[in-house]
Every structure is written in C-alpha cells, then in structure tokens.
Amino acid sequence: MQDQQSLQKQTSRDPRLFLTDDQLLQGIELMFFAYRGFTSDPDRILEQYGYGRAHHRAIHFINRSPGITVNRLLEILGVTKQSLTRVRRQLSNDGMMESRIDKVDRRRRNLYLTDRGRALERQLSKAQRKRMHDAYRDAGPDAVRGFRRVLENIMDHHLRQLARNLGED
C-alpha cells in the first residue's frame with residue numbers, strides 16, 4: 001500500500017503518466033533482459049580467463065579511476081573485503097592489475113591496471129559501448145536523457161552520488 005501511494009504521489013507530478021502494475025512488471029522484465037544482453041558479450045570473454053562479473057566490475061572501476069584505493073573500490077562495488085581480496089589476488093597474479101602503496105598514507109593501497117589489464121578492459125567494454133551507442137542512436141537524444149534520468153532515479157541516493165563522482169578520485 002505504501003509503495004502504491006508513493007508511486008501515485010510521484011506520478012501526480014505529470015497527470016499523463018499513469019502506469020499499471022502490468023506495465024511496471026514489463027519494465028522490470030525489460031531491465032532483466034537488457035542486463036542479460038548487456039553482460040553477455042563480456043561474460044564470454046571473462047570465461048576465457050576464468051573470471052566472473054566481479055572481476056569485470058573491478059577492472060572497469062579501476063580503469064575509470066586509476067589509483068583508486070581499495071576502500072573506495074569496496075564502497076563502489078558494495079562487496080565484502082574478502083570477496084574483493086580474492087578478485088584482486090587473481091587479477092594481480094594474472095598480471096592484470098597492480099597494487100601500489102599510497103605515497104601519503106602508507107596504509108592505503110592504490111590500484112592500477114597494467115597494460116594487459118587495460119587491453120582486457122578495452123575488449124570487455126568494446127561490445128558494451130557499441131550496444132549502448134546503437135541503442136542511444138536509435139532512441140534519440142530525448143530518450144537518452146529520459147533513460148539516464150530513470151536509471152538515476154532507480155539508484156539509491158548514495159549510489160547516485162558515487163556514480164556522479166566517478167573519475168574524480
């Protein structure tokens with residue numbers, strides 16, 4: 001009941017926007033299928049290395065913020081330290097990333113992709129960039145702005161802030 005009242009309150013901003021439960025469920029299903037398509041190409045590449053999606057996310061965000069600290073990466077990924085340690089160890093052992101001691105605070109570790117890691121990141125993101133580019137081009141600029149706004153509004157507030165601040169580390 002609370003969710004329905006909240007939805008009605010939000011949609012009351014624009015009286016033309018009224019979504020039925022079935023339309024909302026269709027939107028949820030579209031998100032599931034879109035995510036499946038979005039991750040399918042990288043999943044095939046990751047499999048060749050014995051990696052999973054956690055490796056992909058780590059590689060992506062280390063590439064976006066070279067020198068990112070372990071704690072910041074933990075915050076972004078929302079995983080346990082133990083889980084990230086396993087991923088970091090495997091990426092380091094495979095020559096994909098390196099950890100350097102912070103020059104200011106020797107307790108911190110800064111993460112960087114190696115040349116090999118950057119090449120893998122480019123390979124992983126190439127298909128995703130093409131998929132996003134094609135979808136954005138076909139939908140048009142108004143739809144792109146609307147889609148970005150919907151995605152931002154789906155995120156928890158603190159994650160929205162994290163997303164906006166990427167690359168500023």
# chains A, B, ... in the order shown; residues from 1 in each chain; ligands from 1
>>> residues_around(residues="His56 (chain A)", least_positions_apart="2", cutoff="10 Å", atoms="only C-alpha atoms", output="PyMOL selection string")
chain A and resi 39+42-43+45-46+51-54+58-62+87+120-121+124-125
>>> residues_around(residues="Leu151 (chain A)", least_positions_apart="6", cutoff="12 Å", atoms="only C-alpha atoms", output="list in words")
Gly27, Met31, Val144, Arg145, His157, Leu159, Arg160 and Ala163 of chain A
>>> write_last_selection(atoms="all heavy atoms", output="PDB file, in the first residue's frame")
ATOM      1  N   GLY A  27       8.402  -3.309 -17.347  1.00  0.00           N
ATOM      2  CA  GLY A  27       9.627  -2.522 -17.205  1.00  0.00           C
ATOM      3  C   GLY A  27      10.694  -3.275 -16.441  1.00  0.00           C
ATOM      4  O   GLY A  27      11.874  -3.249 -16.800  1.00  0.00           O
ATOM      5  N   MET A  31      14.338  -4.588 -17.847  1.00  0.00           N
ATOM      6  CA  MET A  31      15.624  -4.355 -17.180  1.00  0.00           C
ATOM      7  C   MET A  31      16.405  -5.662 -17.052  1.00  0.00           C
ATOM      8  O   MET A  31      17.617  -5.695 -17.298  1.00  0.00           O
ATOM      9  CB  MET A  31      15.421  -3.733 -15.793  1.00  0.00           C
ATOM     10  CG  MET A  31      14.989  -2.292 -15.807  1.00  0.00           C
ATOM     11  SD  MET A  31      16.307  -1.151 -16.271  1.00  0.00           S
ATOM     12  CE  MET A  31      17.358  -1.285 -14.852  1.00  0.00           C
ATOM     13  N   VAL A 144      17.444   9.302 -24.587  1.00  0.00           N
ATOM     14  CA  VAL A 144      18.683   9.080 -23.830  1.00  0.00           C
ATOM     15  C   VAL A 144      18.626   9.850 -22.511  1.00  0.00           C
ATOM     16  O   VAL A 144      18.922   9.305 -21.450  1.00  0.00           O
ATOM     17  CB  VAL A 144      19.930   9.491 -24.653  1.00  0.00           C
ATOM     18  CG1 VAL A 144      21.188   9.490 -23.792  1.00  0.00           C
ATOM     19  CG2 VAL A 144      20.101   8.559 -25.849  1.00  0.00           C
ATOM     20  N   ARG A 145      18.221  11.119 -22.587  1.00  0.00           N
ATOM     21  CA  ARG A 145      18.112  11.917 -21.352  1.00  0.00           C
ATOM     22  C   ARG A 145      17.088  11.289 -20.398  1.00  0.00           C
ATOM     23  O   ARG A 145      17.320  11.196 -19.199  1.00  0.00           O
ATOM     24  CB  ARG A 145      17.734  13.360 -21.686  1.00  0.00           C
ATOM     25  CG  ARG A 145      18.904  14.207 -22.140  1.00  0.00           C
ATOM     26  CD  ARG A 145      18.531  15.682 -22.249  1.00  0.00           C
ATOM     27  NE  ARG A 145      17.549  15.939 -23.299  1.00  0.00           N
ATOM     28  CZ  ARG A 145      17.842  16.074 -24.584  1.00  0.00           C
ATOM     29  NH1 ARG A 145      19.092  15.984 -24.989  1.00  0.00           N
ATOM     30  NH2 ARG A 145      16.896  16.310 -25.477  1.00  0.00           N
ATOM     31  N   HIS A 157      20.159   6.918  -3.294  1.00  0.00           N
ATOM     32  CA  HIS A 157      20.742   8.267  -3.338  1.00  0.00           C
ATOM     33  C   HIS A 157      22.270   8.233  -3.257  1.00  0.00           C
ATOM     34  O   HIS A 157      22.953   8.887  -4.042  1.00  0.00           O
ATOM     35  CB  HIS A 157      20.175   9.143  -2.221  1.00  0.00           C
ATOM     36  CG  HIS A 157      20.751  10.521  -2.205  1.00  0.00           C
ATOM     37  ND1 HIS A 157      20.423  11.464  -3.156  1.00  0.00           N
ATOM     38  CD2 HIS A 157      21.665  11.089  -1.386  1.00  0.00           C
ATOM     39  CE1 HIS A 157      21.098  12.575  -2.907  1.00  0.00           C
ATOM     40  NE2 HIS A 157      21.858  12.373  -1.844  1.00  0.00           N
ATOM     41  N   LEU A 159      24.333   5.926  -4.059  1.00  0.00           N
ATOM     42  CA  LEU A 159      24.926   5.352  -5.264  1.00  0.00           C
ATOM     43  C   LEU A 159      24.873   6.347  -6.423  1.00  0.00           C
ATOM     44  O   LEU A 159      25.774   6.401  -7.251  1.00  0.00           O
ATOM     45  CB  LEU A 159      24.220   4.048  -5.649  1.00  0.00           C
ATOM     46  CG  LEU A 159      24.386   2.912  -4.651  1.00  0.00           C
ATOM     47  CD1 LEU A 159      23.585   1.694  -5.084  1.00  0.00           C
ATOM     48  CD2 LEU A 159      25.855   2.564  -4.466  1.00  0.00           C
ATOM     49  N   ARG A 160      23.834   7.153  -6.438  1.00  0.00           N
ATOM     50  CA  ARG A 160      23.731   8.208  -7.449  1.00  0.00           C
ATOM     51  C   ARG A 160      24.901   9.175  -7.292  1.00  0.00           C
ATOM     52  O   ARG A 160      25.517   9.584  -8.268  1.00  0.00           O
ATOM     53  CB  ARG A 160      22.391   8.930  -7.281  1.00  0.00           C
ATOM     54  CG  ARG A 160      21.973   9.741  -8.463  1.00  0.00           C
ATOM     55  CD  ARG A 160      20.566  10.321  -8.300  1.00  0.00           C
ATOM     56  NE  ARG A 160      19.621   9.328  -7.838  1.00  0.00           N
ATOM     57  CZ  ARG A 160      18.634   9.576  -6.980  1.00  0.00           C
ATOM     58  NH1 ARG A 160      18.435  10.793  -6.524  1.00  0.00           N
ATOM     59  NH2 ARG A 160      17.818   8.627  -6.597  1.00  0.00           N
ATOM     60  N   ALA A 163      28.083   7.499  -8.530  1.00  0.00           N
ATOM     61  CA  ALA A 163      28.111   7.465  -9.990  1.00  0.00           C
ATOM     62  C   ALA A 163      28.490   8.842 -10.551  1.00  0.00           C
ATOM     63  O   ALA A 163      29.253   8.938 -11.512  1.00  0.00           O
ATOM     64  CB  ALA A 163      26.765   7.005 -10.538  1.00  0.00           C
TER      65      ALA A 163
END
>>> atom_distance(atom1="CA of Ala143 (chain A)", atom2="CA of Arg129 (chain A)")
17.3 Å
>>> atom_distance(atom1="CA of His55 (chain A)", atom2="CA of Arg88 (chain A)")
8.1 Å
>>> residues_around(residues="Asn63 (chain A)", least_positions_apart="4", cutoff="12 Å", atoms="only C-alpha atoms", output="list in words")
His56, Arg57, Ala58, Ile59, Gly67, Ile68, Leu73, Met96, Met97, Glu98, Leu111, Tyr112, Leu113, Thr114, Asp115, Arg116, Gly117, Arg118, Ala119, Leu120, Glu121, Arg122, Leu124, Ser125, Leu166, Gly167 and Asp169 of chain A
>>> select_by_dssp(residues="chain A", states="strand (DSSP E)", output="number ranges by chain")
A: 68-69, 97-101, 109-113
>>> atom_distance(atom1="CA of Tyr49 (chain A)", atom2="CA of Ser92 (chain A)")
13.0 Å
>>> select_by_dssp(residues="chain A", states="alpha helix (DSSP H)", output="VMD selection string")
chain A and resid 2 to 11 21 to 49 53 to 64 70 to 77 81 to 93 115 to 139 141 to 154 157 to 164
>>> closest_residue(among="A:Gly140, A:Gly37, A:Gly146, A:Gly95", to="Gln128 (chain A)", atoms="only C-alpha atoms")
A:Gly37
